[in-house]
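Chemist: Let me begin by handing over the structure; questions about it come next.
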Amino acid sequence: MSAAAKTLKVDYPTSDGKPMAETDLHRDQMVDAIQTLQHRYRERTNVYVSGNLLIFYEPGNKRKHVAPDTFVVFGVPKRKRLNYLTWEEGKSPDVLIEITSKSTKREDIVTKKTIYRDKFKAKEYILFDPTGDYIEGQLQGWRRVRGQWKEMPVHNGKLYCATLGLELHVDGTRLRFFDPETQQYLANPEERAEAEKERADTEKERAAAERRRAEAERRRAEQAEAERIRVEQENERLRREIEALRRGRPAGGE
């Protein structure tokens, strides 16, 4: 880092004034992708997943920024950020995903594609077109090879992202993340919420069953105690009768 960059004090903004996403569909998919990948790396303290966050890539220049829909950076601390300054972090995003459309086509496949390759030196860049506005098959990606983008193969709506070790699958208007090792899809926020509800319901039923078992056990214990007392009382009565017979007088007499 240059001495100028070290001493330069600039108040970098946290918003560019642009809308978060083009449509509800695009916004929901962006949030889904961010949260799904954040959950995947929740135990990794040196993996940062975010999106719709301003990334500045030229010290001192507040105009030099982009806000990817979703991005993943390996090797930086996991913490909340107001913005991302590449020179301070010492690292640019490794993987970037844009939820694209006709209206963002030029920015996504010209401007951002160039910045991600030349400024970020990202490993992989992926576009997902939920409604198929202009990408045939809805999915397209590039891998950086010797400083240039090389298009990644897409087969049957599936693309392999080597940096994440995941396959990206088109599922209607949704983008799903598939783990080849486990042969399972990563649970998205909706699925995790449903699974948590099912777990909570199961735990609630287990607790209720335990309470029923404990109550039944309590009643059995009370019945056993009542039976023990009854038997003791009956034994005492018989003992008295036997003792009375031995003494030649009625039981309970003087």
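Chains: A, B, ... in order of the structure tokens. Residues: from 1 per chain. Ligands: from 1, in order shown.
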To test your reading of the structure, identify every residue in stretch 7-92 of chain A that backbone DSSP assigns to alpha helix (DSSP H), and report it as an mmCIF file with C-alpha atoms, in the first residue's frame.
Modeler:
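What follows is the written file selection-v9.cif:
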```
data_model
loop_
_atom_site.group_PDB
_atom_site.id
_atom_site.type_symbol
_atom_site.label_atom_id
_atom_site.label_comp_id
_atom_site.auth_asym_id
_atom_site.auth_seq_id
_atom_site.Cartn_x
_atom_site.Cartn_y
_atom_site.Cartn_z
ATOM 1 C CA THR A 7 -2.785 8.708 5.002
ATOM 2 C CA ASP A 24 -39.400 -8.933 -5.834
ATOM 3 C CA LEU A 25 -38.226 -12.054 -7.657
ATOM 4 C CA HIS A 26 -34.704 -10.680 -8.106
ATOM 5 C CA ARG A 27 -34.536 -9.393 -4.513
ATOM 6 C CA ASP A 28 -35.809 -12.643 -3.017
ATOM 7 C CA GLN A 29 -33.283 -14.657 -5.047
ATOM 8 C CA MET A 30 -30.453 -12.352 -3.985
ATOM 9 C CA VAL A 31 -31.376 -12.668 -0.289
ATOM 10 C CA ASP A 32 -31.816 -16.427 -0.696
ATOM 11 C CA ALA A 33 -28.336 -16.817 -2.231
ATOM 12 C CA ILE A 34 -26.657 -14.642 0.416
ATOM 13 C CA GLN A 35 -28.279 -16.384 3.371
ATOM 14 C CA THR A 36 -27.802 -19.873 1.935
ATOM 15 C CA LEU A 37 -24.062 -19.318 1.465
ATOM 16 C CA GLN A 38 -23.737 -17.550 4.824
ATOM 17 C CA HIS A 39 -25.237 -20.620 6.473
ATOM 18 C CA ARG A 40 -22.867 -22.920 4.592
ATOM 19 C CA THR A 86 -10.436 -3.871 -0.967
ATOM 20 C CA TRP A 87 -7.105 -2.217 -0.089
ATOM 21 C CA GLU A 88 -7.859 -2.322 3.634
ATOM 22 C CA GLU A 89 -9.149 -5.889 3.533
#
```
Chemist: Using only C-alpha atoms, what does the table of stretch 98-169 of chain A residues within 10 Å of stretch 65-79 of chain A look like, with each row giving the shortest atom pair and its distance in Å to one decimal, sorted by chain and ascending number, as JSON lines?
Modeler:
```
{"residue": "A:Glu98", "atom": "CA", "partner": "A:Asp69", "partner_atom": "CA", "distance": 5.1}
{"residue": "A:Ile99", "atom": "CA", "partner": "A:Asp69", "partner_atom": "CA", "distance": 6.5}
{"residue": "A:Thr100", "atom": "CA", "partner": "A:Asp69", "partner_atom": "CA", "distance": 9.2}
{"residue": "A:Asp108", "atom": "CA", "partner": "A:Pro68", "partner_atom": "CA", "distance": 9.4}
{"residue": "A:Thr111", "atom": "CA", "partner": "A:Val66", "partner_atom": "CA", "distance": 9.6}
{"residue": "A:Lys112", "atom": "CA", "partner": "A:Val66", "partner_atom": "CA", "distance": 7.6}
{"residue": "A:Ile115", "atom": "CA", "partner": "A:Val66", "partner_atom": "CA", "distance": 8.6}
{"residue": "A:Tyr116", "atom": "CA", "partner": "A:Val66", "partner_atom": "CA", "distance": 9.5}
{"residue": "A:Ala122", "atom": "CA", "partner": "A:Val73", "partner_atom": "CA", "distance": 9.5}
{"residue": "A:Tyr125", "atom": "CA", "partner": "A:Phe71", "partner_atom": "CA", "distance": 9.3}
{"residue": "A:Ile126", "atom": "CA", "partner": "A:Thr70", "partner_atom": "CA", "distance": 9.8}
{"residue": "A:Thr163", "atom": "CA", "partner": "A:Phe74", "partner_atom": "CA", "distance": 9.5}
{"residue": "A:Leu164", "atom": "CA", "partner": "A:Val72", "partner_atom": "CA", "distance": 8.7}
```
Chemist: Report, in Å with one decimal, the straight-line distance from atom CA of A:Arg192 to atom CA of A:Lys204.
Modeler: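 Between atom CA of A:Arg192 and atom CA of A:Lys204 the gap is 17.9 Å.
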Chemist: Could you give me, as a PyMOL selection string, each residue of stretch 12-253 of chain A that DSSP assigns to strand (DSSP E) when run on this structure's backbone?
Modeler: chain A and resi 47-50+55-56+65-66+70-74+84-85+95-99+124-128+139-145+148-151+154-155+158-161+166-171+174-179+184-185
Chemist: Have a look at atom CA of A:Val170 and atom CA of A:Asp129 and let me know their distance in Å, one decimal.
Modeler: 9.4 Å
Chemist: Could you work out how far atom CA of A:Lys119 lies from atom CA of A:Arg44, giving the answer in Å with one decimal?
Modeler: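 Atom CA of A:Arg44 sits 25.8 Å away from atom CA of A:Lys119.
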Chemist: Near A:His155, within 12 Å and counting only C-alpha atoms, which residues show up once chain neighbours fewer than 2 positions away are dropped, as a PyMOL selection string?
Modeler: chain A and resi 136-141+152-153+157-160+167-170
Chemist: Counting only C-alpha atoms, which of A:Ala214, A:Ala224, A:Cys161, A:Leu85 gets nearest to A:Pro59?
Modeler: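 Comparing A:Ala214, A:Ala224, A:Cys161, A:Leu85 against A:Pro59, the winner is A:Leu85.
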